[in-house]
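The structure file final-v4.txt is reproduced below (compact mmCIF, C-alpha atoms).
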# COMPACT_ATOMS: atom_id res chain seq x y z
CA MET A 1 192.74 164.59 -18.76
CA THR A 2 194.04 164.13 -22.30
CA ALA A 3 195.47 160.71 -21.47
CA ILE A 4 192.15 159.63 -20.01
CA LEU A 5 190.28 160.91 -23.06
CA ILE A 6 192.65 159.08 -25.41
CA ALA A 7 192.28 155.88 -23.39
CA VAL A 8 188.52 156.18 -23.56
CA ILE A 9 188.60 156.83 -27.30
CA VAL A 10 190.64 153.72 -28.00
CA ILE A 11 187.92 151.37 -26.74
CA VAL A 12 185.92 149.96 -29.63
CA LEU A 13 182.24 150.74 -30.03
CA GLY A 14 179.34 148.60 -29.07
CA VAL A 15 177.64 145.33 -29.14
CA VAL A 16 174.71 144.59 -31.36
CA SER A 17 171.86 142.69 -29.80
CA PHE A 18 168.44 141.76 -31.01
CA THR A 19 165.54 141.60 -28.61
CA GLY A 20 163.89 138.27 -29.20
CA SER A 21 160.38 138.93 -28.00
CA SER A 22 159.90 142.58 -28.90
CA GLY A 23 161.47 142.41 -32.34
CA ARG A 24 163.07 145.82 -31.89
CA LYS A 25 166.70 146.08 -32.78
CA GLU A 26 168.91 147.94 -30.40
CA GLN A 27 172.56 148.71 -30.12
CA ARG A 28 174.59 150.32 -27.47
CA THR A 29 177.98 151.81 -27.33
CA GLU A 30 180.09 152.27 -24.27
CA THR A 31 181.03 155.79 -23.32
CA THR A 32 183.59 156.02 -26.10
CA ILE A 33 184.12 157.76 -29.36
CA ASP A 34 186.55 156.35 -31.94
CA THR A 35 188.09 159.30 -33.77
CA THR A 36 190.26 157.29 -36.13
CA GLY A 37 188.11 158.28 -39.10
CA ASN A 38 187.55 154.72 -40.29
CA ILE A 39 184.17 154.73 -41.99
CA SER A 40 183.10 151.52 -43.64
CA SER A 41 181.36 151.32 -46.98
CA SER A 42 177.91 149.93 -47.45
CA SER A 43 177.79 146.63 -49.29
CA THR A 44 173.99 146.56 -49.58
CA SER A 45 171.66 148.44 -51.89
CA ARG A 46 168.62 149.49 -49.88
CA GLU A 47 165.25 150.79 -51.02
CA LYS A 48 163.37 153.59 -49.30
CA ILE A 49 160.70 152.12 -47.04
CA ASP A 50 157.10 153.25 -46.99
CA THR A 51 155.82 153.40 -43.44
CA ASP A 52 152.95 155.76 -44.23
CA LEU A 53 154.50 158.26 -41.82
CA VAL A 54 154.53 161.99 -42.40
CA PHE A 55 157.83 163.54 -41.36
CA ASP A 56 157.73 165.00 -37.86
CA SER A 57 160.21 167.88 -37.51
CA SER A 58 159.67 167.97 -33.73
CA CYS A 59 162.09 165.09 -33.48
CA ILE A 60 164.71 166.51 -31.14
CA LEU A 61 164.39 166.55 -27.37
CA ASP A 62 167.33 168.46 -25.87
CA GLU A 63 167.43 168.44 -22.08
CA LEU A 64 171.08 169.52 -22.16
CA GLY A 65 170.63 172.76 -24.07
CA TRP A 66 173.31 171.73 -26.58
CA PHE A 67 171.28 172.60 -29.68
CA GLU A 68 171.24 176.21 -30.83
CA ASP A 69 167.84 175.72 -32.51
CA ALA A 70 166.38 172.24 -32.01
CA ASP A 71 163.37 173.07 -34.20
CA ALA A 72 165.55 174.05 -37.18
CA ALA A 73 167.84 171.06 -36.60
CA GLY A 74 164.78 168.81 -36.57
CA GLU A 75 163.63 170.29 -39.88
CA SER A 76 167.07 169.61 -41.37
CA LEU A 77 166.59 165.89 -40.71
CA GLU A 78 163.80 165.73 -43.28
CA ASP A 79 166.40 164.93 -45.96
CA PHE A 80 167.24 161.71 -44.09
CA PHE A 81 163.54 160.85 -43.90
CA ASP A 82 162.98 161.66 -47.60
CA VAL A 83 165.81 159.36 -48.68
CA THR A 84 165.26 156.45 -46.27
CA GLY A 85 161.62 156.61 -45.17
CA VAL A 86 162.87 156.37 -41.56
CA GLN A 87 161.76 158.96 -39.00
CA PRO A 88 164.79 160.03 -36.91
CA TYR A 89 164.31 161.01 -33.28
CA ILE A 90 167.16 162.41 -31.18
CA TYR A 91 166.98 162.67 -27.40
CA PHE A 92 169.80 164.29 -25.42
CA LYS A 93 168.93 163.24 -21.88
CA ASP A 94 170.17 165.15 -18.86
CA TYR A 95 172.10 163.25 -16.20
CA ASP A 96 169.80 161.00 -14.17
CA GLU A 97 171.35 159.61 -11.01
CA SER A 98 168.77 156.81 -10.92
CA LEU A 99 170.20 155.34 -14.16
CA THR A 100 173.48 153.92 -12.91
CA THR A 101 174.05 150.94 -15.19
CA ASP A 102 174.07 150.45 -18.93
CA SER A 103 171.19 147.99 -18.67
CA GLU A 104 169.08 150.54 -16.78
CA LYS A 105 169.74 153.09 -19.53
CA GLU A 106 168.84 150.52 -22.19
CA GLU A 107 165.60 149.63 -20.41
CA TYR A 108 164.83 153.34 -20.08
CA ALA A 109 165.36 153.82 -23.84
CA GLN A 110 163.12 150.88 -24.72
CA GLN A 111 160.38 152.09 -22.39
CA TRP A 112 160.74 155.68 -23.59
CA TYR A 113 160.17 154.48 -27.16
CA GLU A 114 157.08 152.54 -26.05
CA ASP A 115 155.68 155.50 -24.11
CA ASN A 116 156.49 158.34 -26.52
CA ILE A 117 156.68 157.06 -30.08
CA ASP A 118 153.43 155.81 -31.57
CA ASN A 119 154.83 154.12 -34.66
CA GLU A 120 157.35 151.48 -35.68
CA GLY A 121 159.06 153.59 -38.36
CA THR A 122 161.36 155.55 -36.04
CA PHE A 123 165.07 155.37 -35.31
CA LEU A 124 165.52 156.69 -31.76
CA PHE A 125 169.01 157.83 -30.73
CA ILE A 126 169.45 158.66 -27.05
CA TYR A 127 172.50 160.30 -25.53
CA PHE A 128 172.60 159.84 -21.73
CA ALA A 129 174.73 162.59 -20.20
CA GLU A 130 177.07 161.89 -17.33
CA GLU A 131 177.12 163.94 -14.12
CA ASP A 132 180.07 165.98 -15.43
CA THR A 133 178.22 166.71 -18.66
CA ASP A 134 180.91 168.92 -20.19
CA ASN A 135 183.89 166.62 -19.60
CA ASP A 136 182.62 163.03 -19.69
CA VAL A 137 181.25 161.33 -22.78
CA GLY A 138 177.82 159.94 -22.00
CA TYR A 139 176.26 156.64 -22.92
CA MET A 140 174.78 156.35 -26.42
CA TYR A 141 172.03 153.98 -27.42
CA TYR A 142 169.52 153.51 -30.20
CA VAL A 143 166.23 151.72 -30.68
CA CYS A 144 164.81 150.83 -34.10
CA GLY A 145 161.11 150.40 -34.74
CA TYR A 146 159.92 147.11 -36.21
CA ASP A 147 159.26 148.56 -39.66
CA ILE A 148 162.68 150.01 -40.47
CA GLU A 149 164.95 146.96 -40.39
CA ALA A 150 165.11 146.83 -44.20
CA VAL A 151 166.94 150.16 -44.12
CA MET A 152 168.49 150.24 -40.65
CA ASP A 153 169.97 146.75 -40.76
CA GLU A 154 173.11 145.73 -38.88
CA GLU A 155 175.45 147.22 -41.47
CA ALA A 156 173.56 150.53 -41.59
CA CYS A 157 173.65 150.76 -37.81
CA GLU A 158 177.39 150.14 -37.78
CA LEU A 159 177.74 152.96 -40.31
CA PHE A 160 175.63 155.15 -38.03
CA TRP A 161 178.20 154.64 -35.26
CA ASP A 162 181.02 155.35 -37.73
CA TYR A 163 179.48 158.74 -38.50
CA VAL A 164 178.90 159.46 -34.82
CA ASP A 165 182.62 158.77 -34.32
CA GLU A 166 183.51 160.98 -37.27
CA TYR A 167 181.52 164.05 -36.26
CA TRP A 168 181.08 163.95 -32.46
CA TYR A 169 184.30 165.85 -31.71
CA SER A 170 184.35 167.90 -34.90
CA ASP A 171 184.16 171.68 -34.92
CA LEU A 172 180.53 171.48 -36.03
CA SER A 173 177.77 172.81 -33.80
CA THR A 174 175.54 170.16 -32.25
CA ASP A 175 172.83 171.11 -34.75
CA ASP A 176 175.15 170.66 -37.73
CA MET A 177 176.78 167.54 -36.25
CA ILE A 178 173.47 165.69 -35.95
CA THR A 179 172.40 166.80 -39.43
CA GLU A 180 175.74 165.69 -40.90
CA ILE A 181 175.59 162.30 -39.16
CA PHE A 182 172.14 161.52 -40.55
CA ASN A 183 172.66 162.98 -44.03
CA SER A 184 176.00 161.18 -44.44
CA LEU A 185 174.37 157.97 -43.27
CA ALA A 186 171.54 158.33 -45.78
CA SER A 187 174.03 158.89 -48.62
CA ALA A 188 176.10 155.91 -47.54
CA ILE A 189 173.35 153.32 -47.08
CA MET A 190 170.91 154.13 -49.88

Write-out of the structure in structure tokens:
Amino acid sequence: MTAILIAVIVIVLGVVSFTGSSGRKEQRTETTIDTTGNISSSSTSREKIDTDLVFDSSCILDELGWFEDADAAGESLEDFFDVTGVQPYIYFKDYDESLTTDSEKEEYAQQWYEDNIDNEGTFLFIYFAEEDTDNDVGYMYYVCGYDIEAVMDEEACELFWDYVDEYWYSDLSTDDMITEIFNSLASAIM
């Protein structure tokens, strides 16, 4: 099991792609986590964006039951919003046997954004659990609204994955892990 986990960890994260017609930026990562601790530095000075959004603390959907208190964890993400102007939304999706390929999961994420988020100022992070939820790393994917590219540009999104790598297997609770990922990202990119 350890050898398999190490082999999975060694694979490098994701491919960045831009959707030509929709304008939404998306990135995916294979089912890997790089725990080498290599976090890049931001080379860009970004300004907080004004999307006219009011922070929504109901920004965590946890079908896996991994959060101790999703409401409190959602409230803790307000610091990220206050610094960046970007509304975070985290969705931990239970295993869905109908989503068998990466492209099906990506399409699901895009459609979920369309159906459930009524603005273009949101950064949606979806974790798709595998059937063996406790032992297999799921598929991770994000979708950026049109209005947040000035903050969540390619470099910022790469830093997001660096912080996911840094904290995913830490001793932090899921609540604290997500908060730390987003707060560290805000500090690094702004």

Provide an axis-aligned box for all listed atoms of region 101-114 of chain A, padding each side by 5 Å; report its centre and its edge lengths in Å to one decimal, as lines of an AutoDock Vina configuration file.
center_x = 165.6
center_y = 151.8
center_z = -21.2
size_x = 27.0
size_y = 17.7
size_z = 22.0

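Omitting Ser43 (chain A) and its sequence neighbours fewer than 6 positions away, and counting only C-alpha atoms, the residues within 12 Å are Asp153, Glu154, Glu155, Ala156, Leu159, Ala188, Ile189 and Met190 of chain A.
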
Selected residues, C-alpha atoms, written as a PDB file, in the frame of the given file, please.
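File produced: again.pdb:
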ATOM      1  CA  ASP A 153     169.970 146.750 -40.760  1.00  0.00           C
ATOM      2  CA  GLU A 154     173.110 145.730 -38.880  1.00  0.00           C
ATOM      3  CA  GLU A 155     175.450 147.220 -41.470  1.00  0.00           C
ATOM      4  CA  ALA A 156     173.560 150.530 -41.590  1.00  0.00           C
ATOM      5  CA  LEU A 159     177.740 152.960 -40.310  1.00  0.00           C
ATOM      6  CA  ALA A 188     176.100 155.910 -47.540  1.00  0.00           C
ATOM      7  CA  ILE A 189     173.350 153.320 -47.080  1.00  0.00           C
ATOM      8  CA  MET A 190     170.910 154.130 -49.880  1.00  0.00           C
TER       9      MET A 190
END

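Every polymer residue reaching to within 10 Å of (171.7, 155.9, -31.7), counting all atoms listed in the file, appears in this list: A:Glu26, A:Gln27, A:Arg28, A:Thr29, A:Pro88, A:Tyr89, A:Ile90, A:Tyr91, A:Phe123, A:Leu124, A:Phe125, A:Ile126, A:Tyr127, A:Tyr139, A:Met140, A:Tyr141, A:Tyr142, A:Val143, A:Cys144, A:Cys157, A:Phe160, A:Trp161, A:Val164.
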
I want to know what sits within 9 Å of Ile148 (chain A), based on all atoms listed in the file, with residues of the same chain fewer than 5 positions away left out; could you give that as a count of residues only?
9

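Nearest-residue note for Cys59 (chain A): choosing from A:Thr84, A:Ser187, A:Thr101, A:Asn116, the minimum distance belongs to A:Asn116, counting only C-alpha atoms.
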
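In this structure, CA of Ile181 (chain A) sits 18.7 Å away from CA of Glu149 (chain A).
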
Excluding Asp79 (chain A) and residues on its chain fewer than 5 positions from it, collect all residues at most 9 Å away from it, counting all atoms listed in the file, and give them as number ranges by chain.
A: 84, 182-183, 186

What does the distance between CA of Phe128 (chain A) and CA of Lys93 (chain A) come to in Å, to one decimal place?
5.0 Å

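Among the candidates A:Asp176, A:Asp52, A:Asp115, A:Glu131, the one nearest to Trp66 (chain A) when counting only C-alpha atoms is A:Asp176.
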
Which distance in Å separates CA of Asp50 (chain A) and CA of Glu78 (chain A), to one decimal?
14.6 Å

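When the distance limit is 10 Å and all atoms listed in the file are what count, the residues near Asp71 (chain A), minus those fewer than 5 positions from it on the same chain, are Ser57, Ser58, Cys59, Ile60, Leu61, Ser76 and Asp175 of chain A.
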